[in-house]
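Note sheet for the following structure.
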Amino acid sequence: MDTTLNDMEVRVLGSLIEKELATPEYYPLTLNALVNACNQKSNREPVLNLAEDEVVRALDTLRFKQLAVVSADGGRVTKYRHLLAEQLRLSPAELAVLAELLLRGAQTVGELRSRAERMHSFADLAAVEAVLEELAGRNLVTRLPRQPGRKESRYAQLFAGEPVIPPEQLSPPPDGARLRVMAENERVAQLEEEVAALRAEVAGLRLLVEEFKAQFE
């Protein structure tokens, strides 16, 4: 992607794609329907609470980036649709995978297959992998490093730029022995701090005693 989207643009674009595929009878979407779609509590990660003006601003920037447009068949009420299929020549299968990644963040192949079922039916995991490979070849998704303790890799969309991976997700978790040593070191450090504080307190008391004795000499 030549254009980087912010979080609100990602949510709006993902919602438009999802509703086109999952509920085509209600697509294109009115502003009210789009706000509700963006703020859904199901199939969203994270759950947001966007106001109408935030969605309008996101729509305006998506329109400027030629990724959304006012529908020509909106009738009396203004309706909106995305332009991703036209701009990037994407198939329904590719759109379904992208919608999931836009709406719920990084996911495994298995998660994508089950969660995208409401938008497009994949025969098997290999079919999802083929779509991901095609999208990765076009720099629309990327395969993330495997997380410690997980067997499957996750995939993330690149519309919002390269994903930031926390350092703890790149390193394997410490084993039991290492955890015990770390806990022991922390306990010793805490005891040393307490001893130092007690020594300082004793030294202060000694000084007070010496000052008190000096008054009678």
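Scheme for the structure tokens: letters A, B, ... for chains in order shown; per-chain residue numbers from 1; ligand numbers from 1 in order shown.
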Strand (DSSP E) residues, from DSSP on the backbone, in region 31-143 of chain A, as a ChimeraX atom specification: /A:68-70,79-82,107-108,141-143
Taking the DSSP assignment computed from this structure's backbone, write out as a PDB file with N, CA and C atoms, in the first residue's frame all residues of region 7-145 of chain A that belong to helix (DSSP H, G or I).
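Everything below was put into out_15.pdb:
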```
ATOM      1  N   ASP A   7      -6.143   4.375  12.455  1.00  0.00           N
ATOM      2  CA  ASP A   7      -7.011   3.362  13.064  1.00  0.00           C
ATOM      3  C   ASP A   7      -8.478   3.533  12.682  1.00  0.00           C
ATOM      4  N   MET A   8      -8.960   4.771  12.621  1.00  0.00           N
ATOM      5  CA  MET A   8     -10.363   5.000  12.278  1.00  0.00           C
ATOM      6  C   MET A   8     -10.639   4.665  10.819  1.00  0.00           C
ATOM      7  N   GLU A   9      -9.706   5.009   9.953  1.00  0.00           N
ATOM      8  CA  GLU A   9      -9.869   4.676   8.534  1.00  0.00           C
ATOM      9  C   GLU A   9      -9.875   3.160   8.335  1.00  0.00           C
ATOM     10  N   VAL A  10      -9.015   2.467   9.070  1.00  0.00           N
ATOM     11  CA  VAL A  10      -8.973   1.005   9.002  1.00  0.00           C
ATOM     12  C   VAL A  10     -10.306   0.409   9.415  1.00  0.00           C
ATOM     13  N   ARG A  11     -10.876   0.920  10.505  1.00  0.00           N
ATOM     14  CA  ARG A  11     -12.155   0.380  10.990  1.00  0.00           C
ATOM     15  C   ARG A  11     -13.281   0.665   9.996  1.00  0.00           C
ATOM     16  N   VAL A  12     -13.326   1.879   9.453  1.00  0.00           N
ATOM     17  CA  VAL A  12     -14.383   2.231   8.493  1.00  0.00           C
ATOM     18  C   VAL A  12     -14.264   1.391   7.230  1.00  0.00           C
ATOM     19  N   LEU A  13     -13.066   1.261   6.704  1.00  0.00           N
ATOM     20  CA  LEU A  13     -12.866   0.484   5.485  1.00  0.00           C
ATOM     21  C   LEU A  13     -13.224  -0.983   5.717  1.00  0.00           C
ATOM     22  N   GLY A  14     -12.765  -1.535   6.825  1.00  0.00           N
ATOM     23  CA  GLY A  14     -13.087  -2.926   7.133  1.00  0.00           C
ATOM     24  C   GLY A  14     -14.574  -3.154   7.287  1.00  0.00           C
ATOM     25  N   SER A  15     -15.279  -2.213   7.892  1.00  0.00           N
ATOM     26  CA  SER A  15     -16.724  -2.341   8.084  1.00  0.00           C
ATOM     27  C   SER A  15     -17.465  -2.294   6.748  1.00  0.00           C
ATOM     28  N   LEU A  16     -17.034  -1.418   5.860  1.00  0.00           N
ATOM     29  CA  LEU A  16     -17.672  -1.342   4.541  1.00  0.00           C
ATOM     30  C   LEU A  16     -17.503  -2.650   3.766  1.00  0.00           C
ATOM     31  N   ILE A  17     -16.294  -3.204   3.799  1.00  0.00           N
ATOM     32  CA  ILE A  17     -16.057  -4.464   3.092  1.00  0.00           C
ATOM     33  C   ILE A  17     -16.894  -5.583   3.694  1.00  0.00           C
ATOM     34  N   GLU A  18     -16.888  -5.666   5.022  1.00  0.00           N
ATOM     35  CA  GLU A  18     -17.637  -6.737   5.694  1.00  0.00           C
ATOM     36  C   GLU A  18     -19.115  -6.698   5.345  1.00  0.00           C
ATOM     37  N   LYS A  19     -19.717  -5.523   5.406  1.00  0.00           N
ATOM     38  CA  LYS A  19     -21.161  -5.430   5.166  1.00  0.00           C
ATOM     39  C   LYS A  19     -21.512  -5.701   3.707  1.00  0.00           C
ATOM     40  N   GLU A  20     -20.618  -5.350   2.790  1.00  0.00           N
ATOM     41  CA  GLU A  20     -20.874  -5.670   1.393  1.00  0.00           C
ATOM     42  C   GLU A  20     -20.955  -7.179   1.188  1.00  0.00           C
ATOM     43  N   LEU A  21     -20.059  -7.910   1.849  1.00  0.00           N
ATOM     44  CA  LEU A  21     -20.006  -9.357   1.657  1.00  0.00           C
ATOM     45  C   LEU A  21     -21.008 -10.113   2.529  1.00  0.00           C
ATOM     46  N   ALA A  22     -21.200  -9.650   3.773  1.00  0.00           N
ATOM     47  CA  ALA A  22     -22.037 -10.390   4.711  1.00  0.00           C
ATOM     48  C   ALA A  22     -23.519 -10.045   4.588  1.00  0.00           C
ATOM     49  N   PRO A  24     -25.248  -7.986   1.806  1.00  0.00           N
ATOM     50  CA  PRO A  24     -25.305  -7.158   0.589  1.00  0.00           C
ATOM     51  C   PRO A  24     -26.642  -6.453   0.391  1.00  0.00           C
ATOM     52  N   GLU A  25     -27.699  -6.994   1.003  1.00  0.00           N
ATOM     53  CA  GLU A  25     -29.016  -6.368   0.844  1.00  0.00           C
ATOM     54  C   GLU A  25     -29.088  -5.011   1.532  1.00  0.00           C
ATOM     55  N   TYR A  26     -28.181  -4.742   2.486  1.00  0.00           N
ATOM     56  CA  TYR A  26     -28.172  -3.464   3.193  1.00  0.00           C
ATOM     57  C   TYR A  26     -26.999  -2.577   2.773  1.00  0.00           C
ATOM     58  N   LEU A  31     -24.738   6.627   6.841  1.00  0.00           N
ATOM     59  CA  LEU A  31     -23.794   7.011   7.883  1.00  0.00           C
ATOM     60  C   LEU A  31     -24.144   6.339   9.198  1.00  0.00           C
ATOM     61  N   ASN A  32     -25.427   6.305   9.538  1.00  0.00           N
ATOM     62  CA  ASN A  32     -25.842   5.688  10.791  1.00  0.00           C
ATOM     63  C   ASN A  32     -25.502   4.204  10.817  1.00  0.00           C
ATOM     64  N   ALA A  33     -25.758   3.515   9.711  1.00  0.00           N
ATOM     65  CA  ALA A  33     -25.455   2.088   9.636  1.00  0.00           C
ATOM     66  C   ALA A  33     -23.949   1.846   9.721  1.00  0.00           C
ATOM     67  N   LEU A  34     -23.167   2.738   9.131  1.00  0.00           N
ATOM     68  CA  LEU A  34     -21.716   2.589   9.161  1.00  0.00           C
ATOM     69  C   LEU A  34     -21.165   2.817  10.562  1.00  0.00           C
ATOM     70  N   VAL A  35     -21.707   3.805  11.266  1.00  0.00           N
ATOM     71  CA  VAL A  35     -21.281   4.045  12.653  1.00  0.00           C
ATOM     72  C   VAL A  35     -21.570   2.811  13.508  1.00  0.00           C
ATOM     73  N   ASN A  36     -22.769   2.247  13.339  1.00  0.00           N
ATOM     74  CA  ASN A  36     -23.120   1.043  14.097  1.00  0.00           C
ATOM     75  C   ASN A  36     -22.195  -0.119  13.753  1.00  0.00           C
ATOM     76  N   ALA A  37     -21.844  -0.234  12.478  1.00  0.00           N
ATOM     77  CA  ALA A  37     -20.943  -1.309  12.054  1.00  0.00           C
ATOM     78  C   ALA A  37     -19.556  -1.128  12.663  1.00  0.00           C
ATOM     79  N   CYS A  38     -19.085   0.110  12.699  1.00  0.00           N
ATOM     80  CA  CYS A  38     -17.759   0.386  13.267  1.00  0.00           C
ATOM     81  C   CYS A  38     -17.713   0.065  14.762  1.00  0.00           C
ATOM     82  N   GLU A  52     -20.149  10.025  15.285  1.00  0.00           N
ATOM     83  CA  GLU A  52     -20.473  10.252  13.875  1.00  0.00           C
ATOM     84  C   GLU A  52     -19.434  11.131  13.184  1.00  0.00           C
ATOM     85  N   ASP A  53     -19.003  12.201  13.867  1.00  0.00           N
ATOM     86  CA  ASP A  53     -18.055  13.109  13.225  1.00  0.00           C
ATOM     87  C   ASP A  53     -16.712  12.438  12.972  1.00  0.00           C
ATOM     88  N   GLU A  54     -16.327  11.468  13.823  1.00  0.00           N
ATOM     89  CA  GLU A  54     -15.086  10.741  13.599  1.00  0.00           C
ATOM     90  C   GLU A  54     -15.197   9.845  12.359  1.00  0.00           C
ATOM     91  N   VAL A  55     -16.361   9.218  12.210  1.00  0.00           N
ATOM     92  CA  VAL A  55     -16.583   8.369  11.036  1.00  0.00           C
ATOM     93  C   VAL A  55     -16.629   9.218   9.770  1.00  0.00           C
ATOM     94  N   VAL A  56     -17.244  10.390   9.853  1.00  0.00           N
ATOM     95  CA  VAL A  56     -17.310  11.288   8.699  1.00  0.00           C
ATOM     96  C   VAL A  56     -15.904  11.724   8.286  1.00  0.00           C
ATOM     97  N   ARG A  57     -15.070  12.069   9.264  1.00  0.00           N
ATOM     98  CA  ARG A  57     -13.696  12.475   8.932  1.00  0.00           C
ATOM     99  C   ARG A  57     -12.937  11.327   8.277  1.00  0.00           C
ATOM    100  N   ALA A  58     -13.136  10.110   8.805  1.00  0.00           N
ATOM    101  CA  ALA A  58     -12.473   8.945   8.211  1.00  0.00           C
ATOM    102  C   ALA A  58     -12.975   8.710   6.793  1.00  0.00           C
ATOM    103  N   LEU A  59     -14.267   8.875   6.580  1.00  0.00           N
ATOM    104  CA  LEU A  59     -14.827   8.728   5.235  1.00  0.00           C
ATOM    105  C   LEU A  59     -14.247   9.763   4.281  1.00  0.00           C
ATOM    106  N   ASP A  60     -14.118  10.981   4.755  1.00  0.00           N
ATOM    107  CA  ASP A  60     -13.575  12.051   3.896  1.00  0.00           C
ATOM    108  C   ASP A  60     -12.150  11.735   3.454  1.00  0.00           C
ATOM    109  N   THR A  61     -11.330  11.242   4.387  1.00  0.00           N
ATOM    110  CA  THR A  61      -9.945  10.934   4.016  1.00  0.00           C
ATOM    111  C   THR A  61      -9.875   9.687   3.134  1.00  0.00           C
ATOM    112  N   LEU A  62     -10.756   8.725   3.371  1.00  0.00           N
ATOM    113  CA  LEU A  62     -10.802   7.542   2.506  1.00  0.00           C
ATOM    114  C   LEU A  62     -11.250   7.923   1.096  1.00  0.00           C
ATOM    115  N   ARG A  63     -12.160   8.862   1.011  1.00  0.00           N
ATOM    116  CA  ARG A  63     -12.596   9.336  -0.312  1.00  0.00           C
ATOM    117  C   ARG A  63     -11.450  10.064  -1.006  1.00  0.00           C
ATOM    118  N   PHE A  64     -10.700  10.858  -0.260  1.00  0.00           N
ATOM    119  CA  PHE A  64      -9.548  11.560  -0.829  1.00  0.00           C
ATOM    120  C   PHE A  64      -8.500  10.569  -1.329  1.00  0.00           C
ATOM    121  N   LEU A  84     -12.187  -0.690  -2.829  1.00  0.00           N
ATOM    122  CA  LEU A  84     -11.006  -1.537  -2.772  1.00  0.00           C
ATOM    123  C   LEU A  84     -10.963  -2.538  -3.920  1.00  0.00           C
ATOM    124  N   ALA A  85     -12.111  -3.126  -4.236  1.00  0.00           N
ATOM    125  CA  ALA A  85     -12.131  -4.117  -5.315  1.00  0.00           C
ATOM    126  C   ALA A  85     -11.737  -3.487  -6.644  1.00  0.00           C
ATOM    127  N   GLU A  86     -12.272  -2.289  -6.911  1.00  0.00           N
ATOM    128  CA  GLU A  86     -11.960  -1.619  -8.166  1.00  0.00           C
ATOM    129  C   GLU A  86     -10.509  -1.132  -8.213  1.00  0.00           C
ATOM    130  N   GLN A  87     -10.048  -0.569  -7.106  1.00  0.00           N
ATOM    131  CA  GLN A  87      -8.704   0.014  -7.097  1.00  0.00           C
ATOM    132  C   GLN A  87      -7.607  -1.045  -7.126  1.00  0.00           C
ATOM    133  N   LEU A  88      -7.830  -2.163  -6.432  1.00  0.00           N
ATOM    134  CA  LEU A  88      -6.773  -3.167  -6.303  1.00  0.00           C
ATOM    135  C   LEU A  88      -7.108  -4.480  -7.005  1.00  0.00           C
ATOM    136  N   PRO A  92     -13.595 -11.675  -4.094  1.00  0.00           N
ATOM    137  CA  PRO A  92     -14.348 -11.771  -2.836  1.00  0.00           C
ATOM    138  C   PRO A  92     -13.574 -12.492  -1.743  1.00  0.00           C
ATOM    139  N   ALA A  93     -12.822 -13.539  -2.103  1.00  0.00           N
ATOM    140  CA  ALA A  93     -12.034 -14.259  -1.102  1.00  0.00           C
ATOM    141  C   ALA A  93     -10.970 -13.355  -0.500  1.00  0.00           C
ATOM    142  N   GLU A  94     -10.301 -12.585  -1.334  1.00  0.00           N
ATOM    143  CA  GLU A  94      -9.269 -11.674  -0.848  1.00  0.00           C
ATOM    144  C   GLU A  94      -9.875 -10.564   0.000  1.00  0.00           C
ATOM    145  N   LEU A  95     -11.026 -10.061  -0.416  1.00  0.00           N
ATOM    146  CA  LEU A  95     -11.702  -9.025   0.367  1.00  0.00           C
ATOM    147  C   LEU A  95     -12.120  -9.549   1.734  1.00  0.00           C
ATOM    148  N   ALA A  96     -12.607 -10.788   1.789  1.00  0.00           N
ATOM    149  CA  ALA A  96     -13.041 -11.358   3.067  1.00  0.00           C
ATOM    150  C   ALA A  96     -11.877 -11.467   4.044  1.00  0.00           C
ATOM    151  N   VAL A  97     -10.736 -11.941   3.560  1.00  0.00           N
ATOM    152  CA  VAL A  97      -9.556 -12.060   4.420  1.00  0.00           C
ATOM    153  C   VAL A  97      -9.096 -10.680   4.886  1.00  0.00           C
ATOM    154  N   LEU A  98      -9.057  -9.726   3.970  1.00  0.00           N
ATOM    155  CA  LEU A  98      -8.640  -8.374   4.350  1.00  0.00           C
ATOM    156  C   LEU A  98      -9.593  -7.747   5.348  1.00  0.00           C
ATOM    157  N   ALA A  99     -10.891  -7.964   5.159  1.00  0.00           N
ATOM    158  CA  ALA A  99     -11.870  -7.412   6.097  1.00  0.00           C
ATOM    159  C   ALA A  99     -11.612  -7.923   7.507  1.00  0.00           C
ATOM    160  N   GLU A 100     -11.352  -9.228   7.641  1.00  0.00           N
ATOM    161  CA  GLU A 100     -11.079  -9.798   8.957  1.00  0.00           C
ATOM    162  C   GLU A 100      -9.831  -9.190   9.583  1.00  0.00           C
ATOM    163  N   LEU A 101      -8.789  -9.040   8.779  1.00  0.00           N
ATOM    164  CA  LEU A 101      -7.549  -8.476   9.314  1.00  0.00           C
ATOM    165  C   LEU A 101      -7.712  -7.005   9.678  1.00  0.00           C
ATOM    166  N   LEU A 102      -8.518  -6.277   8.916  1.00  0.00           N
ATOM    167  CA  LEU A 102      -8.773  -4.867   9.229  1.00  0.00           C
ATOM    168  C   LEU A 102      -9.611  -4.724  10.492  1.00  0.00           C
ATOM    169  N   LEU A 103     -10.541  -5.649  10.705  1.00  0.00           N
ATOM    170  CA  LEU A 103     -11.486  -5.524  11.810  1.00  0.00           C
ATOM    171  C   LEU A 103     -11.003  -6.153  13.115  1.00  0.00           C
ATOM    172  N   ARG A 104     -10.143  -7.182  13.012  1.00  0.00           N
ATOM    173  CA  ARG A 104      -9.769  -7.917  14.221  1.00  0.00           C
ATOM    174  C   ARG A 104      -8.271  -8.052  14.428  1.00  0.00           C
ATOM    175  N   VAL A 109      -4.138 -18.647  10.195  1.00  0.00           N
ATOM    176  CA  VAL A 109      -4.889 -19.131   9.035  1.00  0.00           C
ATOM    177  C   VAL A 109      -6.211 -19.760   9.489  1.00  0.00           C
ATOM    178  N   GLY A 110      -6.156 -20.550  10.549  1.00  0.00           N
ATOM    179  CA  GLY A 110      -7.368 -21.190  11.056  1.00  0.00           C
ATOM    180  C   GLY A 110      -8.395 -20.190  11.540  1.00  0.00           C
ATOM    181  N   GLU A 111      -7.945 -19.167  12.238  1.00  0.00           N
ATOM    182  CA  GLU A 111      -8.865 -18.132  12.719  1.00  0.00           C
ATOM    183  C   GLU A 111      -9.505 -17.401  11.549  1.00  0.00           C
ATOM    184  N   LEU A 112      -8.707 -17.102  10.544  1.00  0.00           N
ATOM    185  CA  LEU A 112      -9.237 -16.391   9.380  1.00  0.00           C
ATOM    186  C   LEU A 112     -10.290 -17.219   8.655  1.00  0.00           C
ATOM    187  N   ARG A 113     -10.043 -18.521   8.519  1.00  0.00           N
ATOM    188  CA  ARG A 113     -11.009 -19.348   7.799  1.00  0.00           C
ATOM    189  C   ARG A 113     -12.349 -19.379   8.518  1.00  0.00           C
ATOM    190  N   SER A 114     -12.326 -19.588   9.846  1.00  0.00           N
ATOM    191  CA  SER A 114     -13.588 -19.699  10.587  1.00  0.00           C
ATOM    192  C   SER A 114     -14.299 -18.356  10.707  1.00  0.00           C
ATOM    193  N   ARG A 115     -13.563 -17.298  10.906  1.00  0.00           N
ATOM    194  CA  ARG A 115     -14.180 -15.988  11.126  1.00  0.00           C
ATOM    195  C   ARG A 115     -14.663 -15.336   9.836  1.00  0.00           C
ATOM    196  N   ALA A 116     -14.023 -15.670   8.721  1.00  0.00           N
ATOM    197  CA  ALA A 116     -14.430 -15.084   7.435  1.00  0.00           C
ATOM    198  C   ALA A 116     -15.577 -15.852   6.793  1.00  0.00           C
ATOM    199  N   GLU A 117     -16.009 -16.921   7.423  1.00  0.00           N
ATOM    200  CA  GLU A 117     -17.046 -17.778   6.836  1.00  0.00           C
ATOM    201  C   GLU A 117     -18.323 -17.010   6.541  1.00  0.00           C
ATOM    202  N   ARG A 118     -18.641 -16.005   7.361  1.00  0.00           N
ATOM    203  CA  ARG A 118     -19.872 -15.237   7.148  1.00  0.00           C
ATOM    204  C   ARG A 118     -19.798 -14.376   5.892  1.00  0.00           C
ATOM    205  N   LEU A 125      -7.994 -24.941   4.727  1.00  0.00           N
ATOM    206  CA  LEU A 125      -6.960 -23.992   5.145  1.00  0.00           C
ATOM    207  C   LEU A 125      -6.031 -23.631   4.000  1.00  0.00           C
ATOM    208  N   ALA A 126      -5.819 -24.590   3.108  1.00  0.00           N
ATOM    209  CA  ALA A 126      -4.932 -24.318   1.969  1.00  0.00           C
ATOM    210  C   ALA A 126      -5.474 -23.184   1.106  1.00  0.00           C
ATOM    211  N   ALA A 127      -6.799 -23.105   1.005  1.00  0.00           N
ATOM    212  CA  ALA A 127      -7.408 -22.036   0.206  1.00  0.00           C
ATOM    213  C   ALA A 127      -7.134 -20.669   0.840  1.00  0.00           C
ATOM    214  N   VAL A 128      -7.183 -20.610   2.170  1.00  0.00           N
ATOM    215  CA  VAL A 128      -6.882 -19.357   2.865  1.00  0.00           C
ATOM    216  C   VAL A 128      -5.409 -19.010   2.701  1.00  0.00           C
ATOM    217  N   GLU A 129      -4.551 -20.019   2.819  1.00  0.00           N
ATOM    218  CA  GLU A 129      -3.116 -19.784   2.660  1.00  0.00           C
ATOM    219  C   GLU A 129      -2.785 -19.256   1.265  1.00  0.00           C
ATOM    220  N   ALA A 130      -3.483 -19.774   0.260  1.00  0.00           N
ATOM    221  CA  ALA A 130      -3.247 -19.311  -1.109  1.00  0.00           C
ATOM    222  C   ALA A 130      -3.615 -17.839  -1.249  1.00  0.00           C
ATOM    223  N   VAL A 131      -4.723 -17.440  -0.633  1.00  0.00           N
ATOM    224  CA  VAL A 131      -5.140 -16.039  -0.663  1.00  0.00           C
ATOM    225  C   VAL A 131      -4.109 -15.165   0.059  1.00  0.00           C
ATOM    226  N   LEU A 132      -3.646 -15.625   1.200  1.00  0.00           N
ATOM    227  CA  LEU A 132      -2.664 -14.862   1.965  1.00  0.00           C
ATOM    228  C   LEU A 132      -1.362 -14.703   1.192  1.00  0.00           C
ATOM    229  N   GLU A 133      -0.948 -15.748   0.513  1.00  0.00           N
ATOM    230  CA  GLU A 133       0.280 -15.656  -0.288  1.00  0.00           C
ATOM    231  C   GLU A 133       0.124 -14.634  -1.415  1.00  0.00           C
ATOM    232  N   GLU A 134      -1.040 -14.632  -2.036  1.00  0.00           N
ATOM    233  CA  GLU A 134      -1.300 -13.665  -3.100  1.00  0.00           C
ATOM    234  C   GLU A 134      -1.278 -12.237  -2.550  1.00  0.00           C
ATOM    235  N   LEU A 135      -1.929 -12.026  -1.416  1.00  0.00           N
ATOM    236  CA  LEU A 135      -1.976 -10.696  -0.813  1.00  0.00           C
ATOM    237  C   LEU A 135      -0.593 -10.264  -0.319  1.00  0.00           C
ATOM    238  N   ALA A 136       0.169 -11.215   0.224  1.00  0.00           N
ATOM    239  CA  ALA A 136       1.524 -10.895   0.682  1.00  0.00           C
ATOM    240  C   ALA A 136       2.408 -10.510  -0.492  1.00  0.00           C
ATOM    241  N   GLY A 137       2.210 -11.169  -1.630  1.00  0.00           N
ATOM    242  CA  GLY A 137       2.975 -10.836  -2.822  1.00  0.00           C
ATOM    243  C   GLY A 137       2.698  -9.444  -3.334  1.00  0.00           C
TER     244      GLY A 137
END
```
Top pick for closest residue to Phe159 (chain A), considering A:Leu67, A:Val202, A:Ala177, A:Leu48 and counting only C-alpha atoms: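 Checking each of A:Leu67, A:Val202, A:Ala177, A:Leu48 against Phe159 (chain A), counting only C-alpha atoms, the winner is A:Leu67.
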For Arg143 (chain A), work out the shell of residues within 9 Å, counting only C-alpha atoms and skipping chain neighbours fewer than 3 positions away, then give it as a JSON list (two decimals) with N, CA and C atoms, in the first residue's frame.
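Written output follows (part.json):
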```json
[["chain", "number", "residue", "atom", "x", "y", "z"],
["A", 132, "LEU", "N", -3.65, -15.62, 1.20],
["A", 132, "LEU", "CA", -2.66, -14.86, 1.97],
["A", 132, "LEU", "C", -1.36, -14.70, 1.19],
["A", 136, "ALA", "N", 0.17, -11.21, 0.22],
["A", 136, "ALA", "CA", 1.52, -10.89, 0.68],
["A", 136, "ALA", "C", 2.41, -10.51, -0.49],
["A", 146, "ARG", "N", 6.58, -16.03, 14.50],
["A", 146, "ARG", "CA", 5.77, -16.90, 15.35],
["A", 146, "ARG", "C", 5.96, -16.51, 16.82],
["A", 153, "SER", "N", 1.78, -19.33, 12.81],
["A", 153, "SER", "CA", 2.10, -17.92, 12.60],
["A", 153, "SER", "C", 0.81, -17.14, 12.37],
["A", 154, "ARG", "N", 0.88, -15.84, 12.61],
["A", 154, "ARG", "CA", -0.25, -14.96, 12.36],
["A", 154, "ARG", "C", 0.07, -14.05, 11.19],
["A", 155, "TYR", "N", -0.98, -13.54, 10.57],
["A", 155, "TYR", "CA", -0.86, -12.61, 9.46],
["A", 155, "TYR", "C", -1.50, -11.29, 9.84],
["A", 156, "ALA", "N", -0.95, -10.19, 9.33],
["A", 156, "ALA", "CA", -1.47, -8.85, 9.62],
["A", 156, "ALA", "C", -1.58, -8.06, 8.32]]
```
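Note that CA of Arg44 (chain A) and CA of Ala160 (chain A) are 16.3 Å apart.
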Residues near Glu162 (chain A), anyone? I mean within 10 Å using only C-alpha atoms, not counting same-chain ones fewer than 6 positions away, as a ChimeraX atom specification. /A:4,141-142,156
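With CA of Val69 (chain A) on one side and CA of Pro28 (chain A) on the other, the separation reads 9.9 Å.
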Computed interatomic separation between CA of Thr30 (chain A) and CA of Asp73 (chain A) (Å):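 Straight-line distance from CA of Thr30 (chain A) to CA of Asp73 (chain A) works out to 11.6 Å.
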